[in-house]
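Below: one structure, written as structure tokens.
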Amino acid sequence: MLEVNNLTVEVAGRRILKGVDLEVETGYTNVLFGPNGAGKSVLLMTLMGFSGYNVTEGEIIFKGEDITNMSVYERAQMGMGIMTQRPPNLSGVKVHDLLKIISKDLSGTEELAEAIDMVRFYERDLNVGFSGGEIKRSELLQLSAQNPDFILLDEPESGVDLASIELLGTTIKKLLKMDTKCAGEKFKRGKSALMITHTGQVMDYVEADRGYILCNGTVMCTGNPREILSEIKEQGYEECIKCKLMKM
């Protein structure tokens with residue numbers, strides 16, 4: 001679904017990402033860990049094609065096509081969507097009006113809006129006066145309307161309380177269309193995702209297939225996401241950096 005090869009990115013003339021390699025297979029959910037300032041959000045914004053993120057080396061392959069120089073709109077049309085940490089307030093743009101622009105068929109989205117208590121926000125300006133949890137729910141509602149094949153999630157559990165984390169986690173699981181086959185078998189998934197998390201709390205609801213650690217703008221290691229999270233909690237990121245340096 002997604003291949004990132006030797007990706008180097010500059011922001012305002014400063015190199016943030018350096019030779020990043022990663023992939024997300026069709027139907028899989030991968031998790032990105034890393035300390036603050038590692039470049040995780042820069043990576044997601046670059047993948048989505050936002051301006052200001054200058055790719056100086058490498059390529060982004062999505063569904064077998066090079067999208068490195070495509071616009072946000074073109075990537076969205078191809079089936080890529082994003083949930084950012086803090087989307088802008090849009091005064092004068094009603095939530096329901098935006099949903100109707102995003103999708104011609106809102107039947108599934110209307111059902112989700114009921115489930116996550118967003119119908120009462122329909123006539124409000126997008127994100128204006130919303131709490132952190134309400135913004136997250138609004139973002140997920142927009143993703144539901146867009147119905148992308150590949151979803152970028154930037155710290156979905158940040159800035160929300162414990163009750164909201166459960167709601168967000170179960171909603172993300174529904175968006176990815178995860179279903180268990182039977183006891184002892186692996187989850188099957190309809191959509192792909194790359195998700196940033198610091199706490200790993202969202203992994204209590206969303207089954208992850210592979211984890212990456214991004215430090216100093218470079219992928220330091222990859223492996224089982226729960227094992228990686230456990231090692232981070234026990235040893236921090238310094239041990240990962242030391243291990244990487246020893247292998248170089």
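FYI, nothing fancy with the structure tokens labels: chains A, B, ... in order, residues from 1 per chain, ligands from 1 as they appear.
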| Mind checking DSSP for stretch 123-216 of chain A and telling me the helix (DSSP H, G or I) residues as a PyMOL selection string? | chain A and resi 132-146+162-175+201-204
Just-selected residues, C-alpha atoms written as a PDB file, in the first residue's frame:
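What follows is the written file part06.pdb:
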```pdb
ATOM      1  CA  GLY A 132      -9.671  18.288  22.456  1.00  0.00           C
ATOM      2  CA  GLY A 133     -11.876  15.199  22.438  1.00  0.00           C
ATOM      3  CA  GLU A 134     -14.552  16.895  20.319  1.00  0.00           C
ATOM      4  CA  ILE A 135     -11.947  17.875  17.722  1.00  0.00           C
ATOM      5  CA  LYS A 136     -10.727  14.274  17.565  1.00  0.00           C
ATOM      6  CA  ARG A 137     -14.271  12.972  17.111  1.00  0.00           C
ATOM      7  CA  SER A 138     -14.910  15.547  14.396  1.00  0.00           C
ATOM      8  CA  GLU A 139     -11.753  14.443  12.578  1.00  0.00           C
ATOM      9  CA  LEU A 140     -12.842  10.809  12.703  1.00  0.00           C
ATOM     10  CA  LEU A 141     -16.266  11.788  11.389  1.00  0.00           C
ATOM     11  CA  GLN A 142     -14.629  13.529   8.441  1.00  0.00           C
ATOM     12  CA  LEU A 143     -12.493  10.457   7.768  1.00  0.00           C
ATOM     13  CA  SER A 144     -15.649   8.359   7.793  1.00  0.00           C
ATOM     14  CA  ALA A 145     -17.175  10.640   5.156  1.00  0.00           C
ATOM     15  CA  GLN A 146     -14.021  10.536   3.031  1.00  0.00           C
ATOM     16  CA  LEU A 162      -9.609   8.249  29.571  1.00  0.00           C
ATOM     17  CA  ALA A 163     -13.287   7.896  28.610  1.00  0.00           C
ATOM     18  CA  SER A 164     -12.633   9.634  25.296  1.00  0.00           C
ATOM     19  CA  ILE A 165      -9.664   7.363  24.565  1.00  0.00           C
ATOM     20  CA  GLU A 166     -11.959   4.337  24.691  1.00  0.00           C
ATOM     21  CA  LEU A 167     -14.453   5.998  22.358  1.00  0.00           C
ATOM     22  CA  LEU A 168     -11.725   7.117  19.954  1.00  0.00           C
ATOM     23  CA  GLY A 169     -10.053   3.714  19.988  1.00  0.00           C
ATOM     24  CA  THR A 170     -13.229   1.798  19.216  1.00  0.00           C
ATOM     25  CA  THR A 171     -14.163   4.319  16.526  1.00  0.00           C
ATOM     26  CA  ILE A 172     -10.772   4.019  14.818  1.00  0.00           C
ATOM     27  CA  LYS A 173     -11.166   0.251  14.903  1.00  0.00           C
ATOM     28  CA  LYS A 174     -14.522   0.589  13.137  1.00  0.00           C
ATOM     29  CA  LEU A 175     -13.056   2.936  10.532  1.00  0.00           C
ATOM     30  CA  GLN A 201      -3.051   3.474  24.818  1.00  0.00           C
ATOM     31  CA  VAL A 202      -4.759   3.383  21.448  1.00  0.00           C
ATOM     32  CA  MET A 203      -3.182  -0.046  20.881  1.00  0.00           C
ATOM     33  CA  ASP A 204      -5.596  -1.422  23.492  1.00  0.00           C
TER      34      ASP A 204
END
```
| Quick one: DSSP strand (DSSP E) residues in stretch 12-158 of chain A, as a ChimeraX atom specification? | /A:14-24,29-33,54-62,65-66,80-83,90-94,125-126,150-154
| said: For A:Leu153, find every residue with an atom within 9 Å (counting only C-alpha atoms), except residues of its own chain fewer than 5 positions away, and show them as a list in words. | reply: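 Neighbouring residues, sequence-local ones excluded: Leu44, Gly81, Ile82, Met83, Thr84, Gln85, Ala193, Leu194, Met195, Ile196 and Thr197 of chain A.
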| field | All residues 9 Å or closer to stretch 11-23 of chain A, only C-alpha atoms, same chain fewer than 4 positions away omitted, as a ChimeraX atom specification | value | /A:1-7,30,37-40,42-43,52-54,57-58,212,214,216-219,222
Let me see the file: selected residues, C-alpha atoms, as a PDB file, in the first residue's frame.
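Wrote it out as selection_38.pdb, contents follow:
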```
ATOM      1  CA  MET A   1       0.000   0.000   0.000  1.00  0.00           C
ATOM      2  CA  LEU A   2       2.706   2.494   1.034  1.00  0.00           C
ATOM      3  CA  GLU A   3       6.465   2.464   0.520  1.00  0.00           C
ATOM      4  CA  VAL A   4       8.791   5.200   1.758  1.00  0.00           C
ATOM      5  CA  ASN A   5      12.302   4.954   0.340  1.00  0.00           C
ATOM      6  CA  ASN A   6      15.285   7.007   1.556  1.00  0.00           C
ATOM      7  CA  LEU A   7      13.039   9.974   2.343  1.00  0.00           C
ATOM      8  CA  ASN A  30       1.799   0.148  11.625  1.00  0.00           C
ATOM      9  CA  GLY A  37      11.026  16.489  18.002  1.00  0.00           C
ATOM     10  CA  ALA A  38      11.980  13.234  16.266  1.00  0.00           C
ATOM     11  CA  GLY A  39      10.127  14.182  13.078  1.00  0.00           C
ATOM     12  CA  LYS A  40       7.081  11.920  13.383  1.00  0.00           C
ATOM     13  CA  VAL A  42       6.709  15.939   9.813  1.00  0.00           C
ATOM     14  CA  LEU A  43       6.711  12.481   8.264  1.00  0.00           C
ATOM     15  CA  GLY A  52       6.302  23.521   3.447  1.00  0.00           C
ATOM     16  CA  TYR A  53       7.667  19.983   3.635  1.00  0.00           C
ATOM     17  CA  ASN A  54      10.357  19.853   0.989  1.00  0.00           C
ATOM     18  CA  GLU A  57      15.762  12.943  -1.605  1.00  0.00           C
ATOM     19  CA  GLY A  58      13.825   9.708  -1.834  1.00  0.00           C
ATOM     20  CA  TYR A 212       8.951   1.751  13.993  1.00  0.00           C
ATOM     21  CA  LEU A 214      11.977   7.337  14.716  1.00  0.00           C
ATOM     22  CA  ASN A 216      16.728  12.249  15.154  1.00  0.00           C
ATOM     23  CA  GLY A 217      14.809  12.074  11.886  1.00  0.00           C
ATOM     24  CA  THR A 218      15.846   8.488  11.123  1.00  0.00           C
ATOM     25  CA  VAL A 219      14.206   5.090  11.582  1.00  0.00           C
ATOM     26  CA  THR A 222      11.478  -1.879  13.561  1.00  0.00           C
TER      27      THR A 222
END
```
| remark: If you count only C-alpha atoms, the residue of A:Thr56, A:Glu110, A:Gly64, A:Gly129 closest to A:Asn89 turns out to be A:Gly129
